[in-house]
Amino acid sequence: MKKGVDNRISILCLGILLLMAGFSCQPAIKSSDDVKPNILLIVSEDHGQDIGAYGNEIVTTPNIDLLAENGVMFLNAYTTYSVCSPSRSSILTGLYPHQNGQIGLATHDFEMYKSFENIPSYLKNQGYKTGCLGKLHVNPEASFPFDFHEIESSNFAKKKMGDYAIKAAEFINSSGGNLFFLW
């Protein structure tokens, strides 16, 4: 992994949008050797370029750096909307907010026009166990059939960050060695 790289977009979740949107167009998710991958999609807010994998030498993020080194890391990415709910709806459905209807924040009662095919439903049909840790923040949440949804509140002050690691391990272990997608 190169350090000190300039002018790279570091919002990992937005880069993953491109990958996931591509998945929604494919008949099956396969790598070059026909092995389906487990998928960990980290959607964070407001972290900017503050991870080591993108060249920040002051902020240390060894675990995320290791994931980037051994997984998929995007060097160029775009967002479909400047706020959370519409962006998340795009990541999950592969559609622009004006196409899926989530044109504003879920907390302001904006919601999708209907239930669209989405990453959790698509991956479930491909044999994946699906999980969500933390806030989903897209309406209606029932449109996203996650098998596992823990720590649903977005208020991190009430939760210890270690709880996320514990719940992630719980989800991964409960998959019993089967394919998983964790958001």
# chains A, B, ... in the order shown; residues from 1 in each chain; ligands from 1
$ residues_around --residues "segment 117-122 of chain A" --least-positions-apart "4" --cutoff "7 Å" --atoms "only C-alpha atoms" --output "VMD selection string"
chain A and resid 92 to 93 126 130 144 to 146
$ residues_around --residues "segment 161-166 of chain A" --least-positions-apart "3" --cutoff "7 Å" --atoms "only C-alpha atoms" --output "short mmCIF file (atom, residue, chain, number, x, y, z; two decimals) with C-alpha atoms, in the first residue's frame"
data_model
loop_
_atom_site.label_atom_id
_atom_site.label_comp_id
_atom_site.auth_asym_id
_atom_site.auth_seq_id
_atom_site.Cartn_x
_atom_site.Cartn_y
_atom_site.Cartn_z
CA LEU A 133 -25.03 -2.80 11.93
CA ALA A 169 -18.27 -11.06 14.97
CA GLU A 170 -21.60 -12.44 16.20
#
$ select_by_dssp --residues "segment 40-146 of chain A" --states "strand (DSSP E)" --output "NGL selection string"
:A and (40 or 129-133)
$ write_last_selection --atoms "C-alpha atoms" --output "CSV table (one decimal), in the first residue's frame"
chain,number,residue,atom,x,y,z
A,40,LEU,CA,-18.2,-6.1,4.2
A,129,LYS,CA,-26.7,-14.1,4.8
A,130,THR,CA,-27.3,-10.4,5.1
A,131,GLY,CA,-26.6,-8.1,8.1
A,132,CYS,CA,-26.8,-4.4,9.0
A,133,LEU,CA,-25.0,-2.8,11.9
$ select_by_dssp --residues "segment 129-174 of chain A" --states "helix (DSSP H, G or I)" --output "list in words"
Glu141, Ala142, Ser143, Phe156, Ala157, Lys158, Met161, Gly162, Asp163, Tyr164, Ala165, Ile166, Lys167, Ala168, Ala169, Glu170, Phe171, Ile172, Asn173 and Ser174 of chain A
$ residues_around --residues "Tyr128 of chain A" --least-positions-apart "2" --cutoff "10 Å" --atoms "only C-alpha atoms" --output "list in words"
Lys36, Pro37, Asn38, Ile39, Pro120, Ser121, Tyr122, Leu123, Lys124, Asn125, Gln126, Thr130, Gly131, Asp147, Ser175, Asn178, Leu179, Phe180, Phe181 and Leu182 of chain A
$ closest_residue --among "A:Ile91, A:Ile42, A:Val138, A:Ile58" --to "Met112 of chain A" --atoms "only C-alpha atoms"
A:Val138
$ residues_around --residues "Pro86 of chain A" --least-positions-apart "4" --cutoff "6 Å" --atoms "only C-alpha atoms" --output "number ranges by chain"
A: 97, 102-103
$ residues_around --residues "Lys135 of chain A" --least-positions-apart "4" --cutoff "12 Å" --atoms "only C-alpha atoms" --output "PDB file with N, CA, C and O atoms, in the first residue's frame"
ATOM      1  N   ILE A  42     -18.502  -0.894   4.434  1.00  0.00           N
ATOM      2  CA  ILE A  42     -18.434   0.073   5.523  1.00  0.00           C
ATOM      3  C   ILE A  42     -18.932   1.415   4.996  1.00  0.00           C
ATOM      4  O   ILE A  42     -18.329   1.999   4.101  1.00  0.00           O
ATOM      5  N   VAL A  43     -20.050   1.868   5.527  1.00  0.00           N
ATOM      6  CA  VAL A  43     -20.622   3.155   5.156  1.00  0.00           C
ATOM      7  C   VAL A  43     -20.466   4.065   6.364  1.00  0.00           C
ATOM      8  O   VAL A  43     -21.148   3.914   7.363  1.00  0.00           O
ATOM      9  N   SER A  44     -19.532   4.988   6.272  1.00  0.00           N
ATOM     10  CA  SER A  44     -19.287   5.882   7.399  1.00  0.00           C
ATOM     11  C   SER A  44     -19.701   7.296   7.013  1.00  0.00           C
ATOM     12  O   SER A  44     -19.959   7.583   5.852  1.00  0.00           O
ATOM     13  N   GLU A  45     -19.745   8.136   7.998  1.00  0.00           N
ATOM     14  CA  GLU A  45     -20.132   9.521   7.744  1.00  0.00           C
ATOM     15  C   GLU A  45     -19.037  10.462   8.195  1.00  0.00           C
ATOM     16  O   GLU A  45     -18.461  10.285   9.264  1.00  0.00           O
ATOM     17  N   CYS A  84     -27.181  11.930   3.714  1.00  0.00           N
ATOM     18  CA  CYS A  84     -27.125  10.514   4.022  1.00  0.00           C
ATOM     19  C   CYS A  84     -28.238   9.648   3.422  1.00  0.00           C
ATOM     20  O   CYS A  84     -27.951   8.682   2.744  1.00  0.00           O
ATOM     21  N   SER A  85     -29.489   9.911   3.672  1.00  0.00           N
ATOM     22  CA  SER A  85     -30.568   9.011   3.243  1.00  0.00           C
ATOM     23  C   SER A  85     -30.611   8.810   1.728  1.00  0.00           C
ATOM     24  O   SER A  85     -30.671   7.659   1.267  1.00  0.00           O
ATOM     25  N   ARG A  88     -27.546   6.725   0.722  1.00  0.00           N
ATOM     26  CA  ARG A  88     -27.690   5.323   1.118  1.00  0.00           C
ATOM     27  C   ARG A  88     -28.694   4.607   0.205  1.00  0.00           C
ATOM     28  O   ARG A  88     -28.497   3.451  -0.154  1.00  0.00           O
ATOM     29  N   ALA A 106     -34.569  10.603   5.787  1.00  0.00           N
ATOM     30  CA  ALA A 106     -35.584   9.716   6.361  1.00  0.00           C
ATOM     31  C   ALA A 106     -36.215  10.346   7.602  1.00  0.00           C
ATOM     32  O   ALA A 106     -37.404  10.164   7.856  1.00  0.00           O
ATOM     33  N   THR A 107     -35.432  11.111   8.357  1.00  0.00           N
ATOM     34  CA  THR A 107     -35.969  11.755   9.559  1.00  0.00           C
ATOM     35  C   THR A 107     -36.996  12.830   9.228  1.00  0.00           C
ATOM     36  O   THR A 107     -37.761  13.233  10.099  1.00  0.00           O
ATOM     37  N   GLY A 131     -26.576  -8.749   6.764  1.00  0.00           N
ATOM     38  CA  GLY A 131     -26.626  -8.092   8.052  1.00  0.00           C
ATOM     39  C   GLY A 131     -26.381  -6.602   7.942  1.00  0.00           C
ATOM     40  O   GLY A 131     -25.720  -6.138   7.009  1.00  0.00           O
ATOM     41  N   ASN A 139     -36.138   5.041   4.039  1.00  0.00           N
ATOM     42  CA  ASN A 139     -37.535   4.640   4.240  1.00  0.00           C
ATOM     43  C   ASN A 139     -38.136   4.054   2.975  1.00  0.00           C
ATOM     44  O   ASN A 139     -37.870   4.556   1.895  1.00  0.00           O
ATOM     45  N   GLU A 141     -37.733   1.166   5.836  1.00  0.00           N
ATOM     46  CA  GLU A 141     -36.683   0.215   6.178  1.00  0.00           C
ATOM     47  C   GLU A 141     -37.108  -1.224   5.904  1.00  0.00           C
ATOM     48  O   GLU A 141     -36.272  -2.079   5.623  1.00  0.00           O
ATOM     49  N   HIS A 149     -30.148  -7.197  11.998  1.00  0.00           N
ATOM     50  CA  HIS A 149     -30.008  -5.735  12.090  1.00  0.00           C
ATOM     51  C   HIS A 149     -29.874  -5.380  13.567  1.00  0.00           C
ATOM     52  O   HIS A 149     -30.837  -5.463  14.316  1.00  0.00           O
ATOM     53  N   GLU A 150     -28.683  -4.998  13.952  1.00  0.00           N
ATOM     54  CA  GLU A 150     -28.379  -4.696  15.344  1.00  0.00           C
ATOM     55  C   GLU A 150     -27.881  -3.263  15.481  1.00  0.00           C
ATOM     56  O   GLU A 150     -27.398  -2.665  14.520  1.00  0.00           O
ATOM     57  N   ILE A 151     -27.954  -2.722  16.678  1.00  0.00           N
ATOM     58  CA  ILE A 151     -27.494  -1.372  17.024  1.00  0.00           C
ATOM     59  C   ILE A 151     -28.081  -0.372  16.021  1.00  0.00           C
ATOM     60  O   ILE A 151     -27.373   0.360  15.343  1.00  0.00           O
ATOM     61  N   GLU A 152     -29.393  -0.383  15.902  1.00  0.00           N
ATOM     62  CA  GLU A 152     -30.078   0.382  14.875  1.00  0.00           C
ATOM     63  C   GLU A 152     -29.982   1.890  15.062  1.00  0.00           C
ATOM     64  O   GLU A 152     -30.115   2.643  14.101  1.00  0.00           O
ATOM     65  N   SER A 153     -29.741   2.362  16.253  1.00  0.00           N
ATOM     66  CA  SER A 153     -29.670   3.799  16.504  1.00  0.00           C
ATOM     67  C   SER A 153     -28.407   4.385  15.894  1.00  0.00           C
ATOM     68  O   SER A 153     -27.361   3.758  15.842  1.00  0.00           O
ATOM     69  N   SER A 154     -28.493   5.625  15.452  1.00  0.00           N
ATOM     70  CA  SER A 154     -27.314   6.302  14.916  1.00  0.00           C
ATOM     71  C   SER A 154     -26.633   7.143  15.986  1.00  0.00           C
ATOM     72  O   SER A 154     -25.699   7.861  15.708  1.00  0.00           O
ATOM     73  N   ASN A 155     -27.105   7.049  17.226  1.00  0.00           N
ATOM     74  CA  ASN A 155     -26.543   7.844  18.304  1.00  0.00           C
ATOM     75  C   ASN A 155     -25.382   7.088  18.945  1.00  0.00           C
ATOM     76  O   ASN A 155     -25.564   6.263  19.817  1.00  0.00           O
ATOM     77  N   PHE A 156     -24.160   7.381  18.472  1.00  0.00           N
ATOM     78  CA  PHE A 156     -22.992   6.656  18.936  1.00  0.00           C
ATOM     79  C   PHE A 156     -22.664   6.947  20.396  1.00  0.00           C
ATOM     80  O   PHE A 156     -21.973   6.172  21.033  1.00  0.00           O
ATOM     81  N   TYR A 164     -19.873  -2.619  18.141  1.00  0.00           N
ATOM     82  CA  TYR A 164     -20.004  -2.901  16.714  1.00  0.00           C
ATOM     83  C   TYR A 164     -19.143  -4.090  16.319  1.00  0.00           C
ATOM     84  O   TYR A 164     -19.563  -4.949  15.544  1.00  0.00           O
ATOM     85  N   TRP A 183     -23.383  -4.847   6.117  1.00  0.00           N
ATOM     86  CA  TRP A 183     -23.420  -3.405   5.867  1.00  0.00           C
ATOM     87  C   TRP A 183     -23.165  -2.713   7.174  1.00  0.00           C
ATOM     88  O   TRP A 183     -23.801  -2.977   8.151  1.00  0.00           O
TER      89      TRP A 183
END
$ atom_distance --atom1 "atom CA of Ser143 of chain A" --atom2 "atom CA of Gln99 of chain A"
15.6 Å
